[in-house]
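Visitor: Following this line is coords16.txt, made up of compact mmCIF, C-alpha atoms and all ligand atoms:
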```
# COMPACT_ATOMS: atom_id res chain seq x y z
CA MET A 1 111.76 96.51 125.05
CA LYS A 2 115.47 97.26 124.84
CA PHE A 3 115.11 99.65 127.75
CA LYS A 4 113.37 97.02 129.94
CA ILE A 5 116.24 94.62 129.37
CA LEU A 6 118.74 97.36 130.23
CA ILE A 7 116.99 98.08 133.52
CA LEU A 8 116.83 94.41 134.48
CA VAL A 9 120.54 94.07 133.88
CA ILE A 10 121.30 97.18 135.92
CA VAL A 11 119.14 96.06 138.84
CA GLY A 12 120.81 92.68 138.74
CA LEU A 13 124.32 94.11 138.88
CA TYR A 14 123.82 97.15 141.05
CA GLN A 15 124.11 96.67 144.79
CA PRO A 16 122.50 99.72 146.34
CA GLY A 17 124.30 101.01 149.41
CA LEU A 18 122.64 101.73 152.72
CA LYS A 19 121.70 105.25 151.60
CA ALA A 20 119.59 103.87 148.75
CA GLN A 21 117.49 101.59 150.96
CA PRO A 22 114.81 104.23 151.68
CA PHE A 23 114.27 104.53 147.94
CA TYR A 24 113.25 100.90 147.56
CA LYS A 25 111.17 101.08 150.74
CA HIS A 26 108.94 103.70 149.14
CA PHE A 27 109.44 103.31 145.39
CA SER A 28 109.91 100.75 142.64
CA ASN A 29 112.25 101.14 139.70
CA ASN A 30 109.56 102.59 137.39
CA THR A 31 108.36 106.10 136.68
CA LEU A 32 105.07 107.72 137.67
CA ARG A 33 104.30 110.31 135.01
CA VAL A 34 101.67 113.00 135.46
CA ASP A 35 100.51 114.91 132.37
CA PHE A 36 98.66 118.14 133.15
CA SER A 37 97.58 121.44 131.65
CA LEU A 38 98.50 124.84 132.99
CA CYS A 39 95.80 127.30 131.99
CA GLY A 40 95.18 130.95 132.64
CA ASP A 41 96.43 134.40 131.77
CA SER A 42 98.98 136.90 133.07
CA SER A 43 97.50 136.95 136.56
CA GLN A 44 95.91 133.52 137.06
CA THR A 45 97.17 129.93 136.94
CA HIS A 46 94.95 126.85 137.00
CA LEU A 47 96.19 123.27 136.86
CA TYR A 48 94.17 120.36 135.44
CA ILE A 49 95.32 116.73 135.37
CA ASN A 50 95.22 115.18 131.87
CA ARG A 51 96.37 111.62 132.63
CA VAL A 52 98.60 109.58 134.93
CA LEU A 53 100.92 106.95 133.47
CA CYS A 54 103.46 104.33 134.41
CA GLU A 55 106.64 104.45 132.32
CA PRO A 56 109.12 101.56 132.36
CA GLY A 57 112.26 102.22 134.41
CA TRP A 58 113.39 105.18 136.54
CA GLY A 59 116.42 107.11 135.32
CA GLY A 60 116.55 109.67 138.13
CA ARG A 61 118.45 109.87 141.40
CA ILE A 62 117.76 107.43 144.23
CA ASN A 63 119.58 109.34 146.99
CA ASN A 64 118.89 112.78 148.48
CA LEU A 65 115.37 112.58 147.10
CA THR A 66 113.76 115.27 149.25
CA GLU A 67 116.35 118.02 148.75
CA SER A 68 116.46 120.45 145.83
CA PRO A 69 118.04 123.84 145.23
CA ASP A 70 115.47 126.64 145.43
CA PHE A 71 115.24 126.83 141.65
CA GLY A 72 112.42 126.91 139.14
CA SER A 73 109.02 128.52 138.79
CA PHE A 74 107.31 125.38 140.06
CA ALA A 75 108.05 122.75 142.71
CA TYR A 76 106.37 119.38 143.25
CA THR A 77 106.55 117.12 146.24
CA VAL A 78 105.54 113.52 146.89
CA ALA A 79 104.52 112.64 150.46
CA ASP A 80 103.50 109.34 152.00
CA ALA A 81 99.70 109.56 152.36
CA GLN A 82 99.65 107.78 155.72
CA SER A 83 102.58 109.33 157.57
CA GLY A 84 102.86 112.63 155.70
CA GLU A 85 106.60 112.01 155.30
CA LYS A 86 108.10 113.85 152.34
CA LEU A 87 109.55 111.30 149.94
CA PHE A 88 110.57 113.21 146.80
CA GLU A 89 110.90 116.72 145.42
CA GLY A 90 111.36 118.10 141.92
CA ARG A 91 111.64 121.57 140.35
CA PHE A 92 110.82 122.82 136.87
CA CYS A 93 109.91 125.72 134.62
CA THR A 94 107.47 125.76 131.72
CA LEU A 95 106.55 127.56 128.53
CA PHE A 96 103.36 128.60 130.33
CA GLN A 97 105.01 130.81 132.95
CA GLU A 98 107.22 132.41 130.27
CA TRP A 99 104.08 133.11 128.24
CA GLN A 100 102.44 134.70 131.31
CA THR A 101 104.94 137.58 130.99
CA THR A 102 104.03 138.30 127.34
CA LYS A 103 101.61 141.01 126.22
CA GLU A 104 99.30 138.35 124.75
CA ALA A 105 98.67 136.88 128.23
CA ALA A 106 97.10 140.14 129.39
CA HIS A 107 94.06 139.65 127.15
CA ILE A 108 93.95 136.01 125.89
CA PRO A 109 93.63 132.91 128.15
CA ARG A 110 95.67 129.91 127.00
CA ALA A 111 96.51 126.33 128.04
CA PHE A 112 99.87 124.52 127.83
CA THR A 113 100.60 120.83 128.36
CA ASN A 114 103.26 119.75 130.85
CA THR A 115 104.67 116.55 132.28
CA ILE A 116 106.39 115.75 135.56
CA LEU A 117 108.10 112.53 136.59
CA MET A 118 108.71 110.82 139.91
CA PRO A 119 109.71 107.32 140.96
CA PHE A 120 106.71 104.98 141.05
CA PRO A 121 105.43 104.76 144.66
CA ASN A 122 104.70 101.52 146.49
CA SER A 123 101.71 102.95 148.38
CA ASN A 124 99.33 105.92 148.37
CA ILE A 125 100.94 109.36 148.03
CA TYR A 126 99.97 113.00 148.04
CA LEU A 127 101.28 114.93 145.05
CA THR A 128 101.51 118.70 145.58
CA ILE A 129 102.43 121.16 142.82
CA ILE A 130 103.32 124.73 143.83
CA GLN A 131 103.99 127.87 141.76
CA ARG A 132 106.50 130.54 142.76
CA LYS A 133 104.92 133.95 143.47
CA ASN A 134 106.90 137.12 144.27
CA GLY A 135 110.07 135.09 144.69
CA PHE A 136 108.68 132.38 146.96
CA MET A 137 107.07 128.95 146.48
CA THR A 138 103.70 129.83 147.97
CA ASP A 139 100.84 129.09 145.56
CA THR A 140 99.58 125.51 145.81
CA LEU A 141 97.99 124.60 142.48
CA ILE A 142 96.98 121.03 143.34
CA HIS A 143 97.15 118.64 146.30
CA LEU A 144 96.18 115.23 144.99
CA LEU A 145 95.85 111.75 146.54
CA LEU A 146 97.25 109.12 144.17
CA ASP A 147 96.79 105.35 144.60
CA PRO A 148 99.56 103.54 142.66
CA LYS A 149 97.25 100.51 142.31
CA SER A 150 94.52 102.54 140.59
CA PRO A 151 93.49 100.94 137.29
CA LEU A 152 93.36 104.46 135.86
CA ILE A 153 97.15 104.74 136.05
CA THR A 154 97.83 103.36 132.61
CA PRO A 155 101.03 101.84 131.25
CA LEU A 156 102.57 104.00 128.55
CA HIS A 157 102.47 102.52 125.05
CA VAL A 158 106.13 103.08 124.28
CA PRO A 159 106.73 104.19 120.68
CA ALA A 160 108.73 101.90 118.40
CA TRP A 161 111.65 104.24 117.65
CA HIS A 162 115.21 102.90 117.47
CA THR A 163 117.68 104.04 120.13
CA LYS A 164 121.45 104.20 120.47
CA THR A 165 123.74 104.77 123.43
CA LEU A 166 126.21 107.54 122.51
CA LEU A 167 128.04 107.73 125.84
CA LYS A 168 127.87 105.34 128.77
CA SER A 169 129.59 106.30 132.01
CA GLY A 170 127.64 104.42 134.66
CA ASN A 171 124.43 103.57 136.45
CA PRO A 172 121.57 105.91 135.40
CA HIS A 173 120.72 106.58 139.06
CA GLU A 174 124.19 108.02 139.62
CA CYS A 175 124.72 109.82 136.30
CA VAL A 176 123.16 112.66 134.32
CA ASP A 177 121.12 110.91 131.61
CA ILE A 178 120.48 112.91 128.45
CA ALA A 179 117.96 111.80 125.82
CA ILE A 180 118.62 113.38 122.41
CA LEU A 181 115.40 113.17 120.38
CA ALA A 182 115.25 113.40 116.58
CA GLU A 183 112.88 116.09 115.26
CA GLY A 184 112.23 116.73 111.57
CA TYR A 185 114.23 113.70 110.42
CA THR A 186 112.42 111.34 108.02
CA ALA A 187 112.91 107.56 108.11
CA ASN A 188 115.46 107.88 105.29
CA GLN A 189 117.50 110.48 107.23
CA MET A 190 118.33 108.46 110.34
CA ASP A 191 121.98 107.94 109.41
CA LYS A 192 122.25 111.74 109.41
CA PHE A 193 120.52 111.86 112.79
CA TRP A 194 122.89 109.36 114.42
CA ALA A 195 125.86 111.37 113.12
CA ASP A 196 124.34 114.73 114.17
CA ALA A 197 123.47 113.41 117.64
CA GLN A 198 126.99 112.06 118.15
CA ARG A 199 128.45 115.38 116.98
CA PHE A 200 126.44 117.30 119.59
CA ALA A 201 127.13 114.75 122.33
CA ASP A 202 130.85 115.19 121.65
CA ALA A 203 130.54 118.99 121.42
CA LEU A 204 129.12 119.25 124.93
CA PHE A 205 132.38 117.97 126.38
CA THR A 206 134.55 120.46 124.50
CA SER A 207 133.31 123.12 126.92
CA ALA A 208 134.18 123.50 130.62
CA PRO A 209 132.88 122.44 133.07
CA PHE A 210 131.24 119.61 131.08
CA SER A 211 134.71 118.59 129.87
CA LEU A 212 135.69 118.05 133.53
CA THR A 213 132.63 115.94 134.39
CA LYS A 214 132.20 113.78 131.28
CA ASN A 215 132.41 110.62 133.36
CA ARG A 216 129.15 111.60 135.12
CA PHE A 217 127.07 111.60 131.90
CA ASN A 218 125.16 109.01 129.88
CA ILE A 219 123.82 110.12 126.50
CA TYR A 220 121.22 108.28 124.42
CA ALA A 221 119.70 109.07 121.03
CA VAL A 222 116.09 108.32 120.05
CA ALA A 223 115.30 108.17 116.32
CA CYS A 224 111.78 109.65 116.26
CA GLU A 225 110.67 109.51 112.63
CA SER A 226 108.92 112.48 111.08
CA ALA A 227 106.70 112.39 108.00
CA GLU A 228 108.48 115.50 106.65
CA GLU A 229 111.93 116.98 107.19
CA ASP A 230 112.78 120.32 108.88
CA VAL A 231 110.40 122.08 111.34
CA ASP A 232 107.79 124.83 111.30
CA ILE A 233 109.23 128.25 110.42
CA PRO A 234 106.14 130.51 110.52
CA TYR A 235 107.95 133.68 109.32
CA LYS A 236 108.85 131.77 106.14
CA ASN A 237 105.33 130.34 105.86
CA GLN A 238 106.87 126.86 106.30
CA TYR A 239 104.81 124.27 108.19
CA ARG A 240 105.96 120.63 108.48
CA ASN A 241 104.44 117.39 109.76
CA THR A 242 107.00 116.31 112.36
CA ALA A 243 107.20 113.88 115.28
CA LEU A 244 107.52 116.45 118.07
CA ASN A 245 105.77 119.48 116.49
CA CYS A 246 108.61 121.96 116.99
CA SER A 247 108.23 125.51 115.70
CA TYR A 248 110.21 128.73 115.53
CA SER A 249 108.56 132.07 116.39
CA THR A 250 107.51 131.01 119.88
CA PHE A 251 105.71 133.99 121.41
CA TYR A 252 106.36 135.80 118.07
CA THR A 253 110.17 135.75 118.60
CA ASP A 254 111.53 134.37 115.32
CA ARG A 255 114.62 132.55 116.63
CA TYR A 256 112.83 130.98 119.63
CA LEU A 257 112.39 127.28 118.75
CA THR A 258 110.16 125.18 121.05
CA THR A 259 107.31 122.68 121.06
CA SER A 260 104.08 122.62 123.06
CA ASP A 261 103.59 118.89 122.48
CA MET A 262 105.06 117.63 125.75
CA GLU A 263 103.24 114.31 125.56
CA ALA A 264 104.94 113.40 122.27
CA VAL A 265 108.28 114.55 123.69
CA HIS A 266 108.03 112.42 126.84
CA ASN A 267 106.61 109.42 124.94
CA ALA A 268 109.77 109.43 122.82
CA ALA A 269 112.13 110.00 125.75
CA SER A 270 110.57 107.09 127.67
CA LEU A 271 112.57 104.68 125.49
CA VAL A 272 115.73 105.50 127.49
CA PRO A 273 116.56 106.58 131.05
CA TYR A 274 116.49 110.39 131.12
CA ASP A 275 117.03 113.36 133.40
CA GLN A 276 117.26 115.86 130.53
CA ILE A 277 115.56 116.01 127.14
CA CYS A 278 117.44 117.57 124.21
CA ILE A 279 115.53 117.91 120.94
CA LEU A 280 117.75 117.98 117.86
CA ALA A 281 115.88 119.75 115.05
CA ASN A 282 116.84 118.89 111.48
CA THR A 283 116.99 122.46 110.22
CA GLY A 284 119.61 124.99 109.17
CA GLU A 285 117.72 127.89 110.68
CA TYR A 286 119.45 129.73 113.56
CA GLY A 287 117.84 129.45 116.96
CA GLY A 288 116.88 127.25 119.86
CA GLY A 289 115.29 127.22 123.28
CA GLY A 290 115.97 125.88 126.75
CA ILE A 291 113.73 125.75 129.83
CA PHE A 292 114.79 124.44 133.25
CA ASN A 293 113.94 120.75 133.65
CA PHE A 294 111.57 121.01 130.68
CA PHE A 295 113.68 120.58 127.52
CA SER A 296 116.31 122.15 125.32
CA VAL A 297 115.81 122.49 121.57
CA PHE A 298 118.51 123.33 119.05
CA SER A 299 119.08 123.19 115.31
CA ALA A 300 121.42 120.71 113.64
CA GLY A 301 122.60 123.15 110.97
CA GLY A 302 124.32 126.51 111.00
CA THR A 303 127.77 127.62 112.06
CA VAL A 304 127.25 128.28 115.78
CA ASN A 305 124.89 125.38 116.47
CA ALA A 306 127.10 123.62 119.04
CA LYS A 307 127.44 126.86 121.00
CA VAL A 308 123.68 127.39 120.92
CA PHE A 309 123.22 123.81 122.14
CA ILE A 310 125.51 124.34 125.14
CA HIS A 311 123.80 127.67 125.92
CA GLU A 312 120.32 126.12 125.80
CA PHE A 313 121.48 123.14 127.84
CA GLY A 314 122.74 125.63 130.45
CA HIS A 315 119.13 126.84 130.83
CA ALA A 316 117.55 123.39 130.87
CA PHE A 317 120.06 121.58 133.04
CA ALA A 318 121.46 124.14 135.48
CA GLY A 319 118.67 126.73 135.54
CA LEU A 320 120.99 129.44 134.20
CA ALA A 321 119.42 132.72 133.08
CA ASP A 322 120.18 134.56 129.86
CA GLU A 323 122.87 137.12 130.63
CA TYR A 324 122.17 139.13 127.46
CA TYR A 325 119.95 142.19 127.38
CA SER A 326 120.22 143.73 123.93
CA SER A 327 118.35 141.14 121.80
CA SER A 328 114.60 141.52 121.31
CA VAL A 329 112.40 139.15 123.29
CA ALA A 330 108.66 138.88 123.84
CA TYR A 331 108.83 139.26 127.61
CA SER A 332 108.22 142.46 129.49
CA ASN A 333 109.65 142.94 133.00
CA PHE A 334 110.66 139.26 133.09
CA TYR A 335 112.63 139.84 136.32
CA PRO A 336 110.86 142.28 138.67
CA LYS A 337 113.50 144.64 140.11
CA ASN A 338 112.32 144.31 143.73
CA THR A 339 112.65 140.50 143.79
CA GLU A 340 115.84 138.45 143.72
CA PRO A 341 115.54 136.03 140.79
CA TRP A 342 116.04 132.35 141.66
CA GLU A 343 118.50 131.84 138.80
CA PRO A 344 122.05 131.49 140.15
CA ASN A 345 123.78 133.75 137.56
CA ILE A 346 121.83 137.02 137.60
CA THR A 347 120.82 139.37 140.40
CA THR A 348 118.68 142.42 141.05
CA CYS A 349 121.10 143.16 143.94
CA VAL A 350 118.41 142.26 146.48
CA ASN A 351 120.61 139.38 147.63
CA PHE A 352 123.51 138.57 145.30
CA LEU A 353 126.05 137.92 148.06
CA ASN A 354 124.56 134.47 148.70
CA LYS A 355 124.96 133.62 145.02
CA TRP A 356 128.50 134.59 144.07
CA GLY A 357 129.73 137.05 146.70
CA ASP A 358 132.51 134.61 147.66
CA LEU A 359 133.96 134.81 144.13
CA ILE A 360 134.34 138.63 144.12
CA ASP A 361 137.68 140.15 145.15
CA ALA A 362 137.44 142.58 148.05
CA ASN A 363 138.77 145.47 145.93
CA THR A 364 136.31 144.97 143.03
CA PRO A 365 133.72 147.79 143.03
CA ILE A 366 130.00 146.99 143.01
CA PRO A 367 128.42 147.60 140.60
CA THR A 368 131.49 146.72 138.56
CA PRO A 369 132.47 149.01 135.66
CA ASN A 370 132.77 147.36 132.23
CA THR A 371 136.38 148.44 131.71
CA SER A 372 139.47 146.53 130.61
CA LYS A 373 140.61 146.23 134.24
CA TYR A 374 137.64 143.97 135.06
CA GLN A 375 137.30 142.03 131.79
CA LYS A 376 138.37 138.75 133.44
CA LYS A 377 137.04 139.45 136.93
CA VAL A 378 133.93 138.24 138.71
CA GLY A 379 131.88 141.24 139.78
CA VAL A 380 128.37 142.64 139.44
CA PHE A 381 127.98 144.07 135.92
CA GLU A 382 124.80 145.91 134.99
CA GLY A 383 122.72 144.35 132.18
CA GLY A 384 121.32 140.83 132.01
CA GLY A 385 118.08 138.87 131.98
CA TYR A 386 116.72 140.90 129.00
CA ALA A 387 117.10 144.18 130.94
CA GLU A 388 119.77 146.84 130.33
CA HIS A 389 119.22 148.32 133.79
CA GLY A 390 118.36 146.86 137.17
CA VAL A 391 119.49 143.29 136.44
CA PHE A 392 123.16 142.36 136.85
CA ARG A 393 125.43 139.51 135.68
CA PRO A 394 128.66 138.12 137.18
CA CYS A 395 131.12 138.70 134.31
CA VAL A 396 131.56 140.80 131.19
CA ASP A 397 130.99 137.77 128.95
CA CYS A 398 129.79 134.18 129.30
CA ARG A 399 128.31 131.33 127.24
CA MET A 400 124.95 132.51 128.67
CA LYS A 401 125.52 135.97 127.10
CA THR A 402 127.13 135.61 123.67
CA ASN A 403 128.24 133.00 121.15
CA GLU A 404 131.68 134.63 121.15
CA ALA A 405 132.35 133.67 124.78
CA VAL A 406 134.80 130.78 125.01
CA ASP A 407 133.18 129.14 128.06
CA PHE A 408 130.78 129.69 130.91
CA CYS A 409 131.77 132.38 133.44
CA PRO A 410 133.03 131.06 136.84
CA VAL A 411 129.59 131.53 138.43
CA CYS A 412 127.77 129.56 135.72
CA ALA A 413 130.49 126.89 135.66
CA ARG A 414 130.17 126.35 139.41
CA SER A 415 126.38 126.11 139.11
CA VAL A 416 126.70 123.43 136.42
CA GLN A 417 129.05 121.38 138.60
CA ARG A 418 126.70 121.66 141.58
CA MET A 419 123.80 120.50 139.41
CA VAL A 420 125.78 117.48 138.20
CA SER A 421 126.23 116.42 141.83
CA TYR A 422 122.54 116.99 142.57
CA VAL A 423 121.24 114.97 139.61
CA CYS A 424 123.66 112.17 140.48
CA GLY A 425 122.07 111.95 143.94
CA GLU A 426 124.80 113.66 145.93
CA GLY A 427 122.76 116.74 146.82
CA TYR A 428 123.17 120.35 145.68
CA LYS A 429 126.22 121.42 147.64
CA GLU A 430 126.58 125.20 148.01
ZN ZN B 1 127.62 133.18 133.31
```
Is it possible to give me this structure as structure tokens?
Ligand SMILES: [Zn+2]

Guide:
Amino acid sequence: MKFKILILVIVGLYQPGLKAQPFYKHFSNNTLRVDFSLCGDSSQTHLYINRVLCEPGWGGRINNLTESPDFGSFAYTVADAQSGEKLFEGRFCTLFQEWQTTKEAAHIPRAFTNTILMPFPNSNIYLTIIQRKNGFMTDTLIHLLLDPKSPLITPLHVPAWHTKTLLKSGNPHECVDIAILAEGYTANQMDKFWADAQRFADALFTSAPFSLTKNRFNIYAVACESAEEDVDIPYKNQYRNTALNCSYSTFYTDRYLTTSDMEAVHNAASLVPYDQICILANTGEYGGGGIFNFFSVFSAGGTVNAKVFIHEFGHAFAGLADEYYSSSVAYSNFYPKNTEPWEPNITTCVNFLNKWGDLIDANTPIPTPNTSKYQKKVGVFEGGGYAEHGVFRPCVDCRMKTNEAVDFCPVCARSVQRMVSYVCGEGYKE
């Protein structure tokens, strides 16, 4: 209810400029939410719709709706059913496509739940969801006619969690809205949650380039109550009854903390406007996870937790790849060497010039040797994306490589700034 009042106030005060008029021609200020399952194995993907919902309010951009950077493993488009005009586009990654690269996917079929959001249309639309194959968005998984007046589009029963605004910079349509969700906090631990959430919200802006763009962010906290504290830690035989069902040992990697319960996650986030979901886990165990336009998960305890949070947020918000290659992961051949990855901060040298070629000095050799002469230079350093050979990163060190790095490298920092502009409705300016 608080959120509905907030939206009414914003609509009342906000005078959309001429550029925003097409938004209100085609959409209302609510969210159309589509829950679906991605099912299959290492070579096949099938998509099945679970349910379609109307959530109160729309926290996303209202300008430059049809443009997106060529990011993500999946794209979805909304088109006017009568004219065919493209009205909206979104990009995302999922746990499912990460799992498809694990050994398990070669012999066991599995299903994962997912959710995508779009502004609520005024008239019939076609929703198309496409998966990237061999570097290109080519595989159409579903092409679906949706009638916004259908009685089967059900209003979401919004959960009764308390919320707080931790940072307010402006209109949600023109800011990056982050929802921090409590996970593994009991009803008696909410004072701790508010303090932890504020600590992480503040920590984000101690790091460039977030420190330079703080006035483009809104941050909200949602106090999801769990029956038990902490989260599942399978390698310690610890299993807890929690609001968002988070667990370590995703894909058998101990430090990889995620949840498969996307419906619970989005139900909780629906209490506030949101572009990004950050799940704050009430645990002292090291680890986290971040997936582009899906979520980031991080632990409240431990000594490097704020650094892990910023690293995971780099994945979820800006689509940044891991630049490390020496830690054990469950994936095999995550980045095929004959295909340029879509992530802006790694390359297989198929086409890196378009990514950060303009930041490399003319006298810097390529590949760039990891010597003291090039410690602070942008180049093309071998090792990244979980591979010691064949995948390259822009700098010797970066927040996307180690916890010791002070900040993001110049390539990652520029990508974050471009994504801020995009989410705020100004387009992704390369
Ligand atoms: Zn970097």

Visitor: With only C-alpha atoms and all ligand atoms counted, collect every polymer residue having an atom within 7 Å of ligand ZN 1 (chain B); state the result as an mmCIF file with C-alpha atoms, in the frame of the given file.

Guide:
```cif
data_model
loop_
_atom_site.group_PDB
_atom_site.id
_atom_site.type_symbol
_atom_site.label_atom_id
_atom_site.label_comp_id
_atom_site.auth_asym_id
_atom_site.auth_seq_id
_atom_site.Cartn_x
_atom_site.Cartn_y
_atom_site.Cartn_z
ATOM 1 C CA GLU A 323 122.870 137.120 130.630
ATOM 2 C CA ASN A 345 123.780 133.750 137.560
ATOM 3 C CA PRO A 394 128.660 138.120 137.180
ATOM 4 C CA CYS A 395 131.120 138.700 134.310
ATOM 5 C CA CYS A 398 129.790 134.180 129.300
ATOM 6 C CA ARG A 399 128.310 131.330 127.240
ATOM 7 C CA MET A 400 124.950 132.510 128.670
ATOM 8 C CA PHE A 408 130.780 129.690 130.910
ATOM 9 C CA CYS A 409 131.770 132.380 133.440
ATOM 10 C CA PRO A 410 133.030 131.060 136.840
ATOM 11 C CA VAL A 411 129.590 131.530 138.430
ATOM 12 C CA CYS A 412 127.770 129.560 135.720
#
```

Visitor: So that each row is one residue of stretch 224-310 of chain A with an atom at most 10 Å from stretch 71-76 of chain A, can you give its shortest atom pair and the distance in Å to one decimal, using all atoms listed in the file, rows by chain and rising number, as a Markdown table?

Guide:
```
| residue | atom | partner | partner_atom | distance |
| --- | --- | --- | --- | --- |
| A:Ile291 | CA | A:Gly72 | CA | 9.5 |
| A:Phe292 | CA | A:Gly72 | CA | 6.8 |
| A:Asn293 | CA | A:Gly72 | CA | 8.4 |
```

Visitor: Restricting the calculation to only C-alpha atoms, which member of A:Asp202, A:Glu183, A:Glu104, A:Asp147 is positioned closest to A:Arg240?

Guide: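 Checking each of A:Asp202, A:Glu183, A:Glu104, A:Asp147 against A:Arg240, counting only C-alpha atoms, the winner is A:Glu183.
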
Visitor: Do you have the atom CA of A:Ala208-atom CA of A:Val420 distance handy?

Guide: 12.8 Å

Visitor: Can you work out the spacing between atom CA of A:His143 and atom CA of A:Ser123 in Å, to one decimal?

Guide: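 Going from atom CA of A:His143 over to atom CA of A:Ser123, I get 16.5 Å.
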
Visitor: If you measure from atom CA of A:Ser296 to atom CA of A:Asn351, what distance in Å do you get, rounded to one decimal?

Guide: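 It comes out at 28.5 Å.
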
Visitor: Could you check which residues have any atom within 10 Å of (124.5, 117.1, 144.8), counting only C-alpha atoms with coordinates taken straight from the file, and then list them as a list in words?

Guide: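 Selection result: Asn63, Asn64, Glu67, Ser68, Pro69, Gln417, Arg418, Met419, Val420, Ser421, Tyr422, Val423, Cys424, Gly425, Glu426, Gly427, Tyr428, Lys429 and Glu430 of chain A.
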
Visitor: Given all atoms listed in the file as the basis, pick out the residue of A:Val158, A:Asp177, A:Val34, A:Asn188 nearest to A:Thr128.

Guide: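 Using all atoms listed in the file, A:Thr128 sits closest to A:Val34.
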
Visitor: Can you pull out every residue within 9 Å of A:Asp322, counting only C-alpha atoms, but drop anything in the same chain fewer than 3 positions away, and send it as an mmCIF file with C-alpha atoms, in the coordinates of the input?

Guide:
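Written out: around.cif:
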```
data_model
loop_
_atom_site.group_PDB
_atom_site.id
_atom_site.type_symbol
_atom_site.label_atom_id
_atom_site.label_comp_id
_atom_site.auth_asym_id
_atom_site.auth_seq_id
_atom_site.Cartn_x
_atom_site.Cartn_y
_atom_site.Cartn_z
ATOM 1 C CA HIS A 311 123.800 127.670 125.920
ATOM 2 C CA HIS A 315 119.130 126.840 130.830
ATOM 3 C CA TYR A 325 119.950 142.190 127.380
ATOM 4 C CA ASN A 345 123.780 133.750 137.560
ATOM 5 C CA ILE A 346 121.830 137.020 137.600
ATOM 6 C CA GLY A 384 121.320 140.830 132.010
ATOM 7 C CA GLY A 385 118.080 138.870 131.980
ATOM 8 C CA TYR A 386 116.720 140.900 129.000
ATOM 9 C CA MET A 400 124.950 132.510 128.670
ATOM 10 C CA LYS A 401 125.520 135.970 127.100
#
```

Visitor: Would you please work out which residue, of A:Lys25, A:Arg132, A:His389, A:His173, is nearest to A:Gly57 when using only C-alpha atoms?

Guide: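 So, comparing all the options, the nearest one is A:His173.
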
Visitor: Choose the residue, out of A:Thr364, A:Asn370, A:Thr348, A:Asn305, that has the smallest atom-to-atom separation from A:Pro336; count all atoms listed in the file.

Guide: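 For A:Pro336, the nearest of the given residues is A:Thr348.
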
Visitor: Find the residue from A:Ser415, A:Thr31, A:Ser299, A:Asn282 that sits nearest to A:Phe317; use only C-alpha atoms when measuring.

Guide: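 Smallest distance to A:Phe317 is found for A:Ser415.
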
Visitor: For A:Val231, which residue among A:Ala243, A:Leu204, A:Val350, A:Leu212 is the nearest when counting all atoms listed in the file?

Guide: A:Ala243
